[in-house]
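Worksheet: the structure to be examined is printed underneath.
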Amino acid sequence: MSEFFSMSGYGIYLWPAFALGIGVVVLNLVMALNSLSNARKDARRRLEMNSPEETA
Amino acid sequence: MATWTWFHRFGSPPYMYGFARRWAPWFGGVAAFAMLIALYGGLVLAPEDYQQKDAFRMVYVHAPSAWLSLMVYTTMAVAAAVGLIWRMKVAHAVAAACAPVGAWFTVAALGTGMLWGKPMWGAYWVWDPRLTSELILLFLYFGYMGLRAGIEDTAKADKASAVLAIVGVVNVPIIKYSVEWWNSLHQVASVMKLGKPTMNWDMRWPLLLMLLAFTLYFAAVLLIRLRAELLRRERNASWVREVVT
């Protein structure tokens, strides 16, 4: 197992690189979902402000 | 005739919004599954390289990131051109949605490349044609996003940023062929080229699968971002009421 993590001595470069790659993959998905959820909230808020039947 | 019906449908924001909502989970799900298999194939099943030993496994994260950095830019430039030529709002929205994703994968390509460069070349960074042109790509993404952020009016921002995206696309073939045109420390393509690949199948299939996985992942993220982009642009349209309530 430790042989796997050492990666013939290149683990100190290899694992940070994979962490960076996987991190960017996860981060971009999270940012996209956040951006969508914010846009949906904004749109809903605008609709509520502009519809008199709901405020009356 | 049929082609134009298709083209017009994709130009309709509510149609695209529904299309994106339907397809993003499928692209994302298949991408996640393929990524896990490719990771196992690349890190565990593939034999070590006779020269680079286990350091060659960098390729499974570096090459797909670099591929996306170029592919996303090309997608962005094509979408921007379609937006300019046919005055298509959805195409401009696609271009705008591409930029942050492309920038992040350029960062990933540069970062993983530095971590590969240190043990193989003895330096994190060299002013090599491949590295320098990839860094210019990052600045093009920054320029595109900065330009968009700096112009209040969406229609004007679309036009100005589209011109920048289209002009900048000349950098894409420069990056791709930099390793052949100039003396470069960077190795030449071993998979993404015509003719016989120079990589053994045991090492090649996880890479091909990872390239496919990253591409599908990008499709999923792009569709999610496109929905957000369409909601912001079309906030006064009646279809928005139906999709958010």
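The chains in the structure tokens are called A, B, ... from first to last as shown; in each chain the residues are counted from 1, and the ligands are counted from 1 in the order shown.
Counting only C-alpha atoms, every residue of chain A that comes within 6 Å of chain B is listed here: Met7, Ser8, Tyr10, Tyr13, Ala17, Gly21, Leu29, Ala32, Leu36 and Ala39 of chain A.
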Go ahead and dump the residues you just picked, C-alpha atoms, as an mmCIF file, in the first residue's frame.
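Dumped to result31.cif:
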data_model
loop_
_atom_site.group_PDB
_atom_site.id
_atom_site.type_symbol
_atom_site.label_atom_id
_atom_site.label_comp_id
_atom_site.auth_asym_id
_atom_site.auth_seq_id
_atom_site.Cartn_x
_atom_site.Cartn_y
_atom_site.Cartn_z
ATOM 1 C CA MET A 7 4.712 5.963 -6.695
ATOM 2 C CA SER A 8 8.393 5.054 -7.134
ATOM 3 C CA TYR A 10 7.199 10.574 -7.442
ATOM 4 C CA TYR A 13 4.555 15.494 -7.174
ATOM 5 C CA ALA A 17 -1.267 17.167 -9.189
ATOM 6 C CA GLY A 21 -7.117 18.276 -11.045
ATOM 7 C CA LEU A 29 -19.370 21.793 -10.586
ATOM 8 C CA ALA A 32 -21.959 26.170 -11.602
ATOM 9 C CA LEU A 36 -27.768 28.450 -11.065
ATOM 10 C CA ALA A 39 -30.024 32.978 -10.614
#
(request) Find the residues around Ala155 (chain B) up to 12 Å (only C-alpha atoms counted), leave out those fewer than 4 positions away in its own chain, and share them as a PyMOL selection string. (result) chain B and resi 83-84+87-90+92-93+96+148+151+159-162+233
(request) Give me the residues within 12 Å of region 165-167 of chain B as an MDAnalysis selection string, counting only C-alpha atoms and dropping any in the same chain fewer than 5 places off. (result) chainID B and resid 72:85 92 95:96 98:99 137 139:145 147:148 157:160 172
Those residues you just picked out, can you put them in a file as an mmCIF file, in the first residue's frame with C-alpha atoms?
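As a result, out_30.cif now contains:
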data_model
loop_
_atom_site.group_PDB
_atom_site.id
_atom_site.type_symbol
_atom_site.label_atom_id
_atom_site.label_comp_id
_atom_site.auth_asym_id
_atom_site.auth_seq_id
_atom_site.Cartn_x
_atom_site.Cartn_y
_atom_site.Cartn_z
ATOM 1 C CA VAL B 72 -13.416 25.041 -24.085
ATOM 2 C CA TYR B 73 -11.716 28.029 -25.711
ATOM 3 C CA THR B 74 -12.589 26.722 -29.172
ATOM 4 C CA THR B 75 -16.199 26.150 -28.100
ATOM 5 C CA MET B 76 -16.283 29.678 -26.694
ATOM 6 C CA ALA B 77 -14.911 31.216 -29.908
ATOM 7 C CA VAL B 78 -17.295 29.236 -32.146
ATOM 8 C CA ALA B 79 -20.285 30.169 -29.956
ATOM 9 C CA ALA B 80 -19.177 33.819 -29.963
ATOM 10 C CA ALA B 81 -18.895 33.754 -33.782
ATOM 11 C CA VAL B 82 -22.360 32.192 -34.144
ATOM 12 C CA GLY B 83 -23.679 34.856 -31.770
ATOM 13 C CA LEU B 84 -22.123 37.660 -33.796
ATOM 14 C CA ILE B 85 -23.090 36.362 -37.238
ATOM 15 C CA HIS B 92 -23.530 34.513 -26.618
ATOM 16 C CA ALA B 95 -19.714 31.689 -24.845
ATOM 17 C CA ALA B 96 -20.057 33.564 -21.559
ATOM 18 C CA CYS B 98 -17.537 28.714 -21.150
ATOM 19 C CA ALA B 99 -15.022 31.269 -19.922
ATOM 20 C CA LEU B 137 -4.375 31.261 -23.110
ATOM 21 C CA PHE B 139 -4.602 35.660 -20.005
ATOM 22 C CA LEU B 140 -7.030 35.465 -22.937
ATOM 23 C CA TYR B 141 -9.633 33.901 -20.644
ATOM 24 C CA PHE B 142 -8.966 36.616 -18.036
ATOM 25 C CA GLY B 143 -9.216 39.299 -20.715
ATOM 26 C CA TYR B 144 -12.516 37.887 -21.951
ATOM 27 C CA MET B 145 -14.010 37.746 -18.457
ATOM 28 C CA LEU B 147 -14.087 42.714 -20.652
ATOM 29 C CA ARG B 148 -17.510 41.184 -19.969
ATOM 30 C CA ALA B 157 -20.510 43.066 -23.675
ATOM 31 C CA ASP B 158 -21.530 40.159 -25.930
ATOM 32 C CA LYS B 159 -20.217 41.882 -29.060
ATOM 33 C CA ALA B 160 -16.954 43.190 -27.635
ATOM 34 C CA VAL B 172 -5.168 27.453 -30.036
#
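One finds CA of Leu131 (chain B) at 27.2 Å from CA of Ala149 (chain B).
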(message) Please report the interatomic distance between CA of Ala34 (chain B) and CA of Asn200 (chain B) in Å with one decimal.
(response)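 For CA of Ala34 (chain B) relative to CA of Asn200 (chain B), the distance reads 19.9 Å.
Between Leu20 (chain A) and the residues B:Asp202, B:Thr106, B:Pro173, B:His186, the shortest atom-to-atom distance, using only C-alpha atoms, involves B:Thr106.
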(request) Could you please determine the separation between CA of Asn34 (chain A) and CA of Val94 (chain B) in Å, to one decimal place? (result) 17.4 Å
(request) Please give the complete set of residues from region 114-232 of chain B that DSSP, run on the backbone, assigns to alpha helix (DSSP H), formatted as number ranges by chain. (result) B: 114-121, 129-150, 154-168, 171-181, 201-232
